[in-house]
Structures are given as C-alpha cells and as structure tokens.
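Shown next: protein-v7.pdb, containing PDB, C-alpha atoms.
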ATOM      1  CA  MET D   1      -2.054  -5.498  -2.809
ATOM      2  CA  SER D   2      -4.173  -2.449  -2.789
ATOM      3  CA  SER D   3      -5.978  -2.235   0.527
ATOM      4  CA  SER D   4      -8.487  -5.066   0.305
ATOM      5  CA  LEU D   5     -11.422  -4.488   2.651
ATOM      6  CA  SER D   6     -13.768  -7.393   2.269
ATOM      7  CA  SER D   7     -14.199 -10.241   4.715
ATOM      8  CA  SER D   8     -16.633 -11.938   2.366
ATOM      9  CA  SER D   9     -15.143 -11.445  -1.099
ATOM     10  CA  PRO D  10     -15.084 -14.552  -3.264
ATOM     11  CA  SER D  11     -11.704 -16.026  -4.092
ATOM     12  CA  PRO D  12     -10.332 -14.640  -7.373
ATOM     13  CA  SER D  13     -10.638 -16.916 -10.380
ATOM     14  CA  PRO D  14      -7.462 -18.852 -11.181
ATOM     15  CA  ILE D  15      -5.449 -17.104 -13.854
ATOM     16  CA  HIS D  16      -4.229 -18.859 -16.972
ATOM     17  CA  LEU D  17      -0.485 -18.303 -17.087
ATOM     18  CA  LYS D  18      -0.472 -18.394 -20.860
ATOM     19  CA  THR D  19      -2.395 -15.091 -20.870
ATOM     20  CA  LEU D  20       0.417 -13.320 -19.056
ATOM     21  CA  GLN D  21       2.999 -15.020 -21.218
ATOM     22  CA  THR D  22       1.340 -13.749 -24.367
ATOM     23  CA  SER D  23       0.980 -10.204 -22.996
ATOM     24  CA  SER D  24       4.589  -9.900 -21.848
ATOM     25  CA  PRO D  25       7.151 -12.308 -23.286
ATOM     26  CA  SER D  26       9.851 -11.033 -20.904
ATOM     27  CA  VAL D  27       8.001 -12.265 -17.812
ATOM     28  CA  LYS D  28       9.636 -15.286 -16.193
ATOM     29  CA  PHE D  29       7.464 -17.887 -14.514
ATOM     30  CA  ILE D  30       9.135 -19.381 -11.453
ATOM     31  CA  GLU D  31       7.730 -22.834 -12.124
ATOM     32  CA  LYS D  32       9.271 -22.848 -15.618
ATOM     33  CA  LEU D  33      12.807 -21.930 -14.510
ATOM     34  CA  THR D  34      15.551 -24.530 -14.561
ATOM     35  CA  ASP D  35      17.101 -25.559 -11.242
ATOM     36  CA  ASN D  36      20.111 -23.335 -11.945
ATOM     37  CA  GLU D  37      17.860 -20.398 -12.827
ATOM     38  CA  LYS D  38      15.877 -20.884  -9.617
ATOM     39  CA  ARG D  39      19.110 -20.907  -7.638
ATOM     40  CA  ASP D  40      20.299 -17.756  -9.418
ATOM     41  CA  PHE D  41      16.982 -16.065  -8.678
ATOM     42  CA  LEU D  42      17.183 -16.933  -4.974
ATOM     43  CA  ASN D  43      20.751 -15.623  -4.821
ATOM     44  CA  SER D  44      19.874 -12.381  -6.627
ATOM     45  CA  PHE D  45      18.285 -10.580  -3.654
ATOM     46  CA  ASP D  46      18.940 -10.027   0.052
ATOM     47  CA  LEU D  47      15.920  -7.965   1.105
ATOM     48  CA  VAL D  48      12.248  -8.736   0.424
ATOM     49  CA  PHE D  49       9.490  -6.135   0.609
ATOM     50  CA  CYS D  50       6.314  -8.204   0.803
ATOM     51  CA  ASP D  51       2.748  -7.005   0.390
ATOM     52  CA  CYS D  52       0.175  -8.492   2.766
ATOM     53  CA  ASP D  53      -3.437  -8.500   1.502
ATOM     54  CA  GLY D  54      -3.664 -10.884  -1.433
ATOM     55  CA  VAL D  55      -0.202 -12.335  -0.785
ATOM     56  CA  ILE D  56      -0.270 -13.366   2.892
ATOM     57  CA  TRP D  57      -3.969 -12.862   3.632
ATOM     58  CA  HIS D  58      -7.160 -13.577   1.749
ATOM     59  CA  ASN D  59     -10.152 -11.395   2.696
ATOM     60  CA  LEU D  60      -7.977  -9.486   5.175
ATOM     61  CA  TYR D  61      -8.008 -12.194   7.855
ATOM     62  CA  ASP D  62      -7.567 -15.707   6.401
ATOM     63  CA  ILE D  63      -3.983 -16.705   5.792
ATOM     64  CA  ILE D  64      -3.320 -18.099   2.326
ATOM     65  CA  PRO D  65      -2.149 -21.725   2.687
ATOM     66  CA  GLY D  66       1.614 -22.085   2.717
ATOM     67  CA  ALA D  67       2.360 -18.365   3.114
ATOM     68  CA  SER D  68       3.913 -18.710   6.577
ATOM     69  CA  ASP D  69       6.161 -21.564   5.385
ATOM     70  CA  ALA D  70       7.277 -19.478   2.411
ATOM     71  CA  ILE D  71       8.269 -16.558   4.672
ATOM     72  CA  GLN D  72      10.209 -18.939   6.916
ATOM     73  CA  TYR D  73      11.906 -20.452   3.844
ATOM     74  CA  LEU D  74      13.107 -17.006   2.773
ATOM     75  CA  ARG D  75      14.411 -16.273   6.255
ATOM     76  CA  ASP D  76      16.124 -19.650   6.465
ATOM     77  CA  ASN D  77      17.934 -18.723   3.254
ATOM     78  CA  GLY D  78      19.265 -15.518   4.770
ATOM     79  CA  LYS D  79      16.692 -13.088   3.405
ATOM     80  CA  LYS D  80      15.367 -10.164   5.446
ATOM     81  CA  VAL D  81      11.600  -9.894   4.995
ATOM     82  CA  VAL D  82       9.802  -6.599   5.555
ATOM     83  CA  PHE D  83       6.035  -6.305   5.142
ATOM     84  CA  VAL D  84       4.848  -3.222   3.254
ATOM     85  CA  THR D  85       1.089  -2.718   3.197
ATOM     86  CA  ASN D  86      -1.272   0.112   2.259
ATOM     87  CA  ASN D  87      -3.598  -0.994   5.029
ATOM     88  CA  SER D  88      -3.720   1.315   8.046
ATOM     89  CA  ILE D  89      -7.351   0.539   8.810
ATOM     90  CA  SER D  90      -6.322  -1.512  11.847
ATOM     91  CA  SER D  91      -3.635  -0.625  14.374
ATOM     92  CA  THR D  92      -0.030  -1.778  14.302
ATOM     93  CA  LYS D  93      -0.680  -3.872  17.413
ATOM     94  CA  ASP D  94      -3.643  -5.629  15.784
ATOM     95  CA  GLN D  95      -1.691  -6.307  12.606
ATOM     96  CA  LEU D  96       1.256  -7.738  14.537
ATOM     97  CA  ARG D  97      -1.141  -9.925  16.523
ATOM     98  CA  LYS D  98      -2.602 -11.250  13.263
ATOM     99  CA  PHE D  99       0.871 -12.185  12.020
ATOM    100  CA  SER D 100       1.655 -13.898  15.308
ATOM    101  CA  THR D 101      -1.513 -16.009  15.279
ATOM    102  CA  SER D 102      -0.639 -17.024  11.698
ATOM    103  CA  ASN D 103       2.777 -18.303  12.802
ATOM    104  CA  ILE D 104       4.687 -15.436  11.157
ATOM    105  CA  PRO D 105       6.735 -13.616  13.814
ATOM    106  CA  VAL D 106       7.273  -9.966  12.810
ATOM    107  CA  GLU D 107       9.127  -7.179  14.614
ATOM    108  CA  GLU D 108       7.342  -3.828  14.684
ATOM    109  CA  GLN D 109      10.072  -2.121  12.643
ATOM    110  CA  ASP D 110       9.520  -4.685   9.865
ATOM    111  CA  LEU D 111       5.851  -3.766   9.363
ATOM    112  CA  ILE D 112       5.432  -0.686   7.181
ATOM    113  CA  HIS D 113       2.072   1.032   6.620
ATOM    114  CA  PRO D 114       0.963   4.597   5.753
ATOM    115  CA  ALA D 115       0.157   5.795   9.286
ATOM    116  CA  LYS D 116       3.668   4.814  10.321
ATOM    117  CA  THR D 117       5.497   6.249   7.298
ATOM    118  CA  ILE D 118       3.604   9.542   7.501
ATOM    119  CA  SER D 119       4.366   9.825  11.220
ATOM    120  CA  ASP D 120       8.048   9.164  10.495
ATOM    121  CA  PHE D 121       8.072  11.828   7.786
ATOM    122  CA  LEU D 122       6.440  14.409  10.054
ATOM    123  CA  LYS D 123       8.955  13.647  12.800
ATOM    124  CA  ASP D 124      11.824  14.087  10.337
ATOM    125  CA  GLN D 125      10.333  17.465   9.383
ATOM    126  CA  ASP D 126      10.000  18.413  13.055
ATOM    127  CA  PHE D 127       6.382  19.183  12.234
ATOM    128  CA  LYS D 128       4.416  21.243  14.716
ATOM    129  CA  GLY D 129       0.798  22.036  14.122
ATOM    130  CA  LEU D 130      -2.710  20.747  13.650
ATOM    131  CA  ILE D 131      -3.474  17.925  11.176
ATOM    132  CA  LEU D 132      -6.738  17.446   9.298
ATOM    133  CA  CYS D 133      -6.786  13.708   8.660
ATOM    134  CA  PHE D 134      -9.219  11.777   6.465
ATOM    135  CA  ALA D 135      -8.531   8.215   7.590
ATOM    136  CA  SER D 136      -9.587   5.427   9.940
ATOM    137  CA  SER D 137      -9.750   5.833  13.709
ATOM    138  CA  ALA D 138      -6.671   3.605  14.067
ATOM    139  CA  PHE D 139      -4.728   5.807  11.637
ATOM    140  CA  LYS D 140      -5.609   8.988  13.527
ATOM    141  CA  GLN D 141      -4.738   7.362  16.829
ATOM    142  CA  HIS D 142      -1.322   6.387  15.466
ATOM    143  CA  LEU D 143      -0.673  10.054  14.644
ATOM    144  CA  ARG D 144      -1.771  11.085  18.144
ATOM    145  CA  ASP D 145       0.362   8.380  19.765
ATOM    146  CA  SER D 146       3.290   9.724  17.743
ATOM    147  CA  GLY D 147       2.810  13.116  19.386
ATOM    148  CA  PHE D 148       0.791  14.977  16.744
ATOM    149  CA  ASP D 149      -2.397  17.018  17.120
ATOM    150  CA  VAL D 150      -5.294  15.837  14.949
ATOM    151  CA  VAL D 151      -8.515  17.759  14.343
ATOM    152  CA  GLU D 152     -11.397  16.348  16.369
ATOM    153  CA  GLU D 153     -14.060  16.140  13.688
ATOM    154  CA  LYS D 154     -17.782  16.085  14.311
ATOM    155  CA  GLU D 155     -19.839  14.286  11.706
ATOM    156  CA  ARG D 156     -22.425  16.591  10.243
ATOM    157  CA  LEU D 157     -25.037  16.532   7.518
ATOM    158  CA  ILE D 158     -25.132  19.542   5.201
ATOM    159  CA  ASP D 159     -28.669  19.581   3.864
ATOM    160  CA  GLY D 160     -29.201  22.517   1.560
ATOM    161  CA  SER D 161     -28.024  25.211   3.968
ATOM    162  CA  VAL D 162     -25.435  27.462   2.356
ATOM    163  CA  MET D 163     -24.611  28.934   5.764
ATOM    164  CA  ASP D 164     -23.894  25.500   7.260
ATOM    165  CA  LEU D 165     -21.740  24.613   4.250
ATOM    166  CA  HIS D 166     -19.767  27.849   4.616
ATOM    167  CA  LYS D 167     -19.146  27.217   8.333
ATOM    168  CA  ALA D 168     -17.983  23.660   7.653
ATOM    169  CA  ILE D 169     -15.605  24.565   4.833
ATOM    170  CA  TYR D 170     -14.184  27.790   6.245
ATOM    171  CA  ASN D 171     -13.553  26.440   9.742
ATOM    172  CA  LYS D 172     -11.033  28.521  11.695
ATOM    173  CA  ASP D 173      -8.921  25.584  12.935
ATOM    174  CA  PRO D 174      -5.216  26.455  12.333
ATOM    175  CA  VAL D 175      -4.545  23.373  10.197
ATOM    176  CA  LYS D 176      -0.947  22.989   8.980
ATOM    177  CA  ALA D 177      -1.252  19.604   7.215
ATOM    178  CA  VAL D 178      -3.940  17.673   5.325
ATOM    179  CA  VAL D 179      -3.651  13.878   5.236
ATOM    180  CA  ILE D 180      -5.790  11.645   2.987
ATOM    181  CA  ASP D 181      -5.999   7.878   3.436
ATOM    182  CA  ILE D 182      -8.932   5.444   3.567
ATOM    183  CA  ASP D 183     -11.924   7.225   5.105
ATOM    184  CA  PHE D 184     -15.311   5.507   4.863
ATOM    185  CA  ASN D 185     -17.051   8.734   5.890
ATOM    186  CA  LEU D 186     -15.477  11.107   3.391
ATOM    187  CA  THR D 187     -17.924  13.687   2.017
ATOM    188  CA  ALA D 188     -17.980  16.503  -0.532
ATOM    189  CA  TRP D 189     -17.748  19.235   2.093
ATOM    190  CA  LYS D 190     -14.703  17.590   3.671
ATOM    191  CA  LEU D 191     -12.929  17.564   0.316
ATOM    192  CA  MET D 192     -13.922  21.210  -0.183
ATOM    193  CA  ARG D 193     -12.469  22.042   3.222
ATOM    194  CA  ALA D 194      -9.211  20.321   2.281
ATOM    195  CA  GLN D 195      -9.162  22.246  -1.000
ATOM    196  CA  VAL D 196      -9.495  25.585   0.800
ATOM    197  CA  LEU D 197      -6.822  24.742   3.377
ATOM    198  CA  LEU D 198      -4.395  23.658   0.661
ATOM    199  CA  LYS D 199      -4.658  27.031  -1.058
ATOM    200  CA  ASN D 200      -2.078  27.934   1.565
ATOM    201  CA  PRO D 201       1.265  26.726   0.131
ATOM    202  CA  GLU D 202       2.602  26.339   3.684
ATOM    203  CA  CYS D 203      -0.019  23.669   4.460
ATOM    204  CA  LEU D 204       1.411  20.191   3.834
ATOM    205  CA  PHE D 205      -0.498  17.897   1.457
ATOM    206  CA  ILE D 206       0.138  14.247   2.335
ATOM    207  CA  ALA D 207      -1.430  10.957   1.244
ATOM    208  CA  GLY D 208      -1.145   7.410   2.503
ATOM    209  CA  ALA D 209      -2.705   4.628   0.449
ATOM    210  CA  ALA D 210      -3.102   5.983  -3.084
ATOM    211  CA  ASP D 211      -5.014   3.146  -4.712
ATOM    212  CA  PRO D 212      -7.603   4.620  -7.114
ATOM    213  CA  ARG D 213      -9.618   1.392  -6.715
ATOM    214  CA  ILE D 214      -9.808  -1.186  -3.929
ATOM    215  CA  PRO D 215     -11.278  -4.713  -4.000
ATOM    216  CA  PHE D 216     -14.477  -5.014  -1.998
ATOM    217  CA  GLY D 217     -17.296  -7.528  -2.192
ATOM    218  CA  GLY D 218     -16.042  -8.994  -5.437
ATOM    219  CA  HIS D 219     -15.802  -5.604  -7.173
ATOM    220  CA  GLU D 220     -13.230  -2.833  -7.492
ATOM    221  CA  LEU D 221     -14.628   0.257  -5.776
ATOM    222  CA  LEU D 222     -13.380   3.818  -5.356
ATOM    223  CA  GLY D 223     -10.178   3.930  -3.335
ATOM    224  CA  PRO D 224      -8.472   6.803  -1.487
ATOM    225  CA  GLY D 225      -6.374   7.664  -4.534
ATOM    226  CA  ALA D 226      -9.502   8.778  -6.381
ATOM    227  CA  PHE D 227     -10.218  11.399  -3.710
ATOM    228  CA  MET D 228      -6.580  12.437  -3.535
ATOM    229  CA  TYR D 229      -6.654  13.092  -7.296
ATOM    230  CA  ILE D 230      -9.767  15.270  -6.919
ATOM    231  CA  VAL D 231      -7.994  17.521  -4.412
ATOM    232  CA  GLU D 232      -4.788  17.534  -6.486
ATOM    233  CA  GLU D 233      -6.710  18.636  -9.562
ATOM    234  CA  ALA D 234      -8.693  21.266  -7.652
ATOM    235  CA  ASN D 235      -5.536  22.893  -6.315
ATOM    236  CA  GLN D 236      -3.075  22.028  -9.085
ATOM    237  CA  ARG D 237      -0.600  20.658  -6.551
ATOM    238  CA  LYS D 238       0.616  17.143  -5.883
ATOM    239  CA  ALA D 239       0.440  15.245  -2.620
ATOM    240  CA  LYS D 240       3.460  13.615  -1.039
ATOM    241  CA  VAL D 241       2.497   9.933  -1.123
ATOM    242  CA  PHE D 242       3.776   7.686   1.677
ATOM    243  CA  GLY D 243       1.856   4.583   0.630
ATOM    244  CA  LYS D 244       2.398   2.425  -2.440
ATOM    245  CA  PRO D 245       3.096   3.397  -5.222
ATOM    246  CA  GLY D 246       4.354   6.746  -3.901
ATOM    247  CA  ALA D 247       7.850   7.926  -4.804
ATOM    248  CA  GLU D 248       8.185   9.383  -1.296
ATOM    249  CA  LEU D 249       7.592   5.934   0.210
ATOM    250  CA  GLY D 250      10.268   4.486  -2.068
ATOM    251  CA  GLU D 251      12.822   7.050  -0.912
ATOM    252  CA  LEU D 252      11.881   6.493   2.726
ATOM    253  CA  LEU D 253      12.333   2.705   2.390
ATOM    254  CA  LYS D 254      15.702   3.103   0.683
ATOM    255  CA  SER D 255      16.872   5.391   3.467
ATOM    256  CA  SER D 256      15.404   3.383   6.362
ATOM    257  CA  PHE D 257      16.852   0.068   5.177
ATOM    258  CA  GLN D 258      20.103   1.561   3.839
ATOM    259  CA  ILE D 259      19.592   0.185   0.340
ATOM    260  CA  LYS D 260      22.671   0.782  -1.792
ATOM    261  CA  ASP D 261      21.811  -1.550  -4.681
ATOM    262  CA  PRO D 262      18.046  -1.580  -5.433
ATOM    263  CA  LYS D 263      18.460  -4.628  -7.676
ATOM    264  CA  ARG D 264      19.290  -6.682  -4.558
ATOM    265  CA  VAL D 265      15.719  -6.009  -3.346
ATOM    266  CA  LEU D 266      12.676  -8.092  -4.346
ATOM    267  CA  MET D 267       9.214  -6.496  -4.241
ATOM    268  CA  VAL D 268       6.512  -9.164  -3.865
ATOM    269  CA  GLY D 269       2.860  -8.291  -4.432
ATOM    270  CA  ASP D 270      -0.416  -9.043  -6.149
ATOM    271  CA  SER D 271      -1.201  -5.618  -7.660
ATOM    272  CA  LEU D 272       0.290  -4.494 -10.970
ATOM    273  CA  ARG D 273       0.099  -0.838  -9.949
ATOM    274  CA  SER D 274       0.542  -0.692  -6.188
ATOM    275  CA  ASP D 275       3.229  -3.387  -6.003
ATOM    276  CA  ILE D 276       4.815  -4.116  -9.373
ATOM    277  CA  GLN D 277       4.877  -0.568 -10.739
ATOM    278  CA  PHE D 278       6.037   0.692  -7.338
ATOM    279  CA  GLY D 279       8.869  -1.839  -7.308
ATOM    280  CA  LYS D 280       9.901  -1.026 -10.869
ATOM    281  CA  GLU D 281       9.993   2.707 -10.199
ATOM    282  CA  CYS D 282      12.184   2.063  -7.148
ATOM    283  CA  GLY D 283      14.577  -0.063  -9.216
ATOM    284  CA  PHE D 284      13.707  -3.281  -7.338
ATOM    285  CA  GLN D 285      13.176  -6.707  -8.837
ATOM    286  CA  THR D 286       9.485  -7.642  -8.852
ATOM    287  CA  LEU D 287       7.522 -10.837  -8.248
ATOM    288  CA  LEU D 288       3.790 -10.984  -9.002
ATOM    289  CA  VAL D 289       1.755 -13.434  -6.907
ATOM    290  CA  LEU D 290      -1.511 -14.643  -8.469
ATOM    291  CA  THR D 291      -3.593 -15.000  -5.302
ATOM    292  CA  GLY D 292      -5.103 -11.534  -5.117
ATOM    293  CA  ALA D 293      -5.807  -8.531  -7.329
ATOM    294  CA  VAL D 294      -4.679  -9.874 -10.701
ATOM    295  CA  GLU D 295      -7.266 -11.987 -12.474
ATOM    296  CA  GLU D 296      -7.389 -13.215 -16.040
ATOM    297  CA  LYS D 297      -9.923 -10.569 -17.069
ATOM    298  CA  HIS D 298      -7.559  -7.799 -15.935
ATOM    299  CA  LEU D 299      -4.728  -9.066 -18.064
ATOM    300  CA  GLU D 300      -6.908  -9.485 -21.130
ATOM    301  CA  SER D 301      -8.149  -5.895 -20.910
ATOM    302  CA  GLN D 302      -4.910  -4.221 -19.815
ATOM    303  CA  GLN D 303      -1.744  -4.188 -21.858
ATOM    304  CA  LEU D 304       1.379  -4.660 -19.783
ATOM    305  CA  ASN D 305       4.202  -2.171 -20.214
ATOM    306  CA  GLU D 306       7.711  -1.642 -18.889
ATOM    307  CA  LEU D 307       6.479  -0.179 -15.620
ATOM    308  CA  ASN D 308       3.796  -2.686 -14.640
ATOM    309  CA  SER D 309       5.201  -5.869 -16.179
ATOM    310  CA  PRO D 310       6.657  -8.079 -13.404
ATOM    311  CA  ASP D 311      10.093  -9.643 -13.687
ATOM    312  CA  TYR D 312       8.780 -12.898 -12.244
ATOM    313  CA  VAL D 313       5.387 -14.526 -11.692
ATOM    314  CA  ILE D 314       4.398 -17.235  -9.231
ATOM    315  CA  GLU D 315       0.984 -18.758  -8.642
ATOM    316  CA  LYS D 316       1.156 -18.543  -4.842
ATOM    317  CA  LEU D 317       3.751 -17.526  -2.282
ATOM    318  CA  ALA D 318       3.945 -21.101  -1.008
ATOM    319  CA  ASP D 319       5.583 -22.136  -4.297
ATOM    320  CA  LEU D 320       8.766 -20.308  -3.270
ATOM    321  CA  LYS D 321       9.540 -23.328  -1.110
ATOM    322  CA  ASN D 322      10.221 -25.267  -4.338
ATOM    323  CA  LEU D 323      13.092 -23.035  -5.480
ATOM    324  CA  ILE D 324      15.912 -25.311  -4.292
TER     325      ILE D 324
END

Write the structure described by the file as structure tokens, please.
Amino acid sequence: MSSSLSSSSPSPSPIHLKTLQTSSPSVKFIEKLTDNEKRDFLNSFDLVFCDCDGVIWHNLYDIIPGASDAIQYLRDNGKKVVFVTNNSISSTKDQLRKFSTSNIPVEEQDLIHPAKTISDFLKDQDFKGLILCFASSAFKQHLRDSGFDVVEEKERLIDGSVMDLHKAIYNKDPVKAVVIDIDFNLTAWKLMRAQVLLKNPECLFIAGAADPRIPFGGHELLGPGAFMYIVEEANQRKAKVFGKPGAELGELLKSSFQIKDPKRVLMVGDSLRSDIQFGKECGFQTLLVLTGAVEEKHLESQQLNELNSPDYVIEKLADLKNLI
C-alpha cells in the first residue's frame, strides 16, 4: 500500500466484487477459480513481493487476521516472500520487531524500504558527499548508519523577511544529493532550497516513497510524491525513484533477487498505483488484496486500464490458505 500513517483510521468499507468485475472483465477472482486453476496459480510463481500496510497491517500496527498464516502457507509451498514497503517512517529494527511480535519471522535482507534501497544505490555509485534529506528521523539515521553525511537541519520560521528567506535557500552547504521521502515538516523554503541545489546537474535527485496521496484519518492526504512532482516541474528533471512505483526500484529488485523471468514473480498489494501498476510495469503477476487502499468508491470513479488492472483479486490475504 501507499504509506498509511494513521493509527486511528476506520476500516475501509467492504468492496463489492461485482464492481471490479464490471470494470475489468479480465480480472480473475481467486475465490471463483476452479481447484485446477487455483493449483495452476499457486504453481505459477516462485517469488512473492508483498506490500505491508493494508495487506499485513491495518492502521500501521494491527495485524490483519490470518495474514501470518497466509505468509506461512506460501513459505510451506516453497515460495520466497520478500516484503516491499514504502514506509521508512520507522527504523528497520522496529519494523522487524513488529513482524516478529506478529508471528511472521523476517530476515533483514527480505525487508525492502526506501531508506534501504536509496542507501544501496548510493553505495553502488560510491557516492561521496553531503545529502539534503527530506524524510523522517529514522530514514536520515539509516543513511548515517550506512556511512553517509546528512545535512543537520535547524527548523526555522521564515516570517516575511526576504533576507532570512535568501539565507535559508542559498545556504552554502556543499550538497551533492537531494532526497525526498515522507517529511511531516516540509515547507516552501525547503522545496525552494532543493530547487536551487538541483540546478546543478551534478547534484543527484532521488526520491523514496512516491505516493501522491497517502491514507490518513479516513482521508487521502498529500503524499511525498506530490512534493517530488513540484520539484521535478520546477527544474524540468526527473527524480530517480527507489520506492514504489519507481522504475529504479524495479530494476534494483530484479538485480538483487536475480530475477530472470519476471512472470514467475507475484506482486501482492492493496494499491492500484503503488503496487499493481508497479508490478505490471516490472512484468510481474499482480494480486490485489481488498483490505486497504481500494474501496468501492475508488473503483466506481476510476476506470481500470492495462497498467493498473490486477491479474488476480482476493478479499484478504488469509484466503490464500484456501488455494489447495
């Protein structure tokens, strides 16, 4: 799912499957498959990339009933399960602890999130230099723990002083990379500073989570992708995106997990854009789970197309246990 932030969001309304069926006749509903078709589906993939928020967790912390059993079922049937999330708000250690307390053992290398993928990319580039990072404290700490220098920002209020604004934007820090992820304290002057820095073509422009909207408090609010687009438009240059649905993330996953046949990979998620479209663009099979971002009202107002129409749909991850 896109990076869900609420610990108090109401559960999404149950979706009527007939709505999806009408919108996209090619979609296959797991519960409607014959026994042979279910067996063929299970045998059609070896590697599972699984989203977390909205698939495993509800409201970030509460495990969705049956999710841990479903993951174990996949593993028992010889499938490798890797968790791919856009959520770098909390640290890797905290996320692994959450999996452990939910009875889902996960190795660190099988948990993928933007702070990690961006660090891996910078290491591959042998990057040396200062990073201006708009993200959570945990994200910035991950970069520092990976050996990178991150600008130590001081929060400031620019209140009508042109001189203060000029000093903030035209800071002399020798920044060599700008990183945009989820930052609850992002301001206009920070975006202006990023814009100025990125006038230098040698300065890297990198993004993590690229969701234009994120669920919060029962609504879809501005996500980090919206701010990334502002900077892209201002400078007429594109960011390298290492969160879903970024093409750079897709290439990194294919390389890291030595994927030779993308069709032997199943992307599982609850977001049509961040999960399903990402999977389609990577050439993976896709499975939409109806316990998170997709509600009936979304499907009635949004026409599905080749890129965001899932190959398969299931009401909840727990239903995978009924395949065979």

Requested in this report: Name the closest residue to Lys98 of chain D among the candidates D:Thr85, D:Leu60, D:Leu143, D:Ile214; distances are taken between atoms, counting all atoms listed in the file.
Outcome: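 Selected residue with least distance to Lys98 of chain D: D:Leu60.
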
Requested in this report: Please evaluate the PyMOL selection byres ((chain D and resi 104) around 9) against the structure above and give the resulting residues as a PyMOL selection string.
Outcome: chain D and resi 67-69+71-72+98-103+105-106

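Between atom CA of Glu202 of chain D and atom CA of Phe127 of chain D lies a distance of 11.8 Å.
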
Report task. Taking (-5.3, 19.7, -4.0) in the file's own coordinates, collect the residues within 10 Å, counting only C-alpha atoms, and hand them back as a list in words. Result -> Val178, Leu191, Met192, Ala194, Gln195, Val196, Leu197, Leu198, Lys199, Phe205, Ile206, Phe227, Met228, Tyr229, Ile230, Val231, Glu232, Glu233, Ala234, Asn235, Gln236, Arg237, Lys238 and Ala239 of chain D

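Proximity to Ser91 of chain D was assessed for D:Cys133, D:Leu111, D:Cys50, D:Ile276 counting only C-alpha atoms; the smallest distance is recorded for D:Leu111.
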
Query raised in the report: What is the distance between atom CA of Ser44 of chain D and atom CA of Asp261 of chain D, in Å to one decimal?
Result: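 According to the coordinates, atom CA of Ser44 of chain D and atom CA of Asp261 of chain D are separated by 11.2 Å.
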
Report task. Return as a VMD selection string the set of residues that the PyMOL selection byres ((chain D and resi 245-257) around 8) yields on the displayed structure. Result -> chain D and resid 117 210 240 to 244 258 to 260 273 to 275 277 to 278 281 to 282

Requested in this report: Go through the shown structure with the PyMOL selection byres ((chain D and resi 284-289) around 8) and write out the matching residues as a ChimeraX atom specification.
Outcome: /D:55,262-272,276,279-283,290-292,310-317

Report task. Can you work out the spacing between atom CA of Lys128 of chain D and atom CA of Phe148 of chain D in Å, to one decimal? Result -> 7.5 Å

Report task. Mind checking which residues fall within 6 Å of Cys203 of chain D, counting only C-alpha atoms, ignoring those fewer than 3 positions away in the same chain, and posting them as a ChimeraX atom specification? Result -> /D:176-177,198,200

Query raised in the report: Which residue out of D:Arg144, D:Lys38, D:Lys93, D:Lys321 has the minimum interatomic distance to Asp76 of chain D when all atoms listed in the file are used?
Result: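 Going through D:Arg144, D:Lys38, D:Lys93, D:Lys321 one by one, the smallest distance to Asp76 of chain D is for D:Lys321.
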
Report task. Using only C-alpha atoms, determine which residues lie at most 12 Å from Glu152 of chain D, disregarding the query and same-chain residues fewer than 3 positions distant; provide the list as a list in words. Result ->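 The residues that qualify are Leu130, Ile131, Leu132, Cys133, Phe134, Ser137, Lys140, Gln141, Arg144, Asp149, Glu155, Asp173 and Val175 of chain D.
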
Report summary line: Restricting to all atoms listed in the file, whichever of D:Ile63, D:Ile56, D:Ala168, D:Leu42 is closest to Leu320 of chain D is D:Leu42

Report summary line: Counting only C-alpha atoms, closest pick from D:Ala226, D:Pro114, D:Leu122, D:Pro201 relative to Arg213 of chain D is D:Ala226

Query - Pro212 of chain D environment, 7 Å, all atoms listed in the file, sequence neighbours closer than 3 positions dropped, as a PyMOL selection string - result: chain D and resi 222-226

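Remark: for Trp189 of chain D, the closest of the candidate residues D:Leu96, D:Leu165, D:Val151, D:Ile118 is D:Leu165 (distances computed over all atoms listed in the file).
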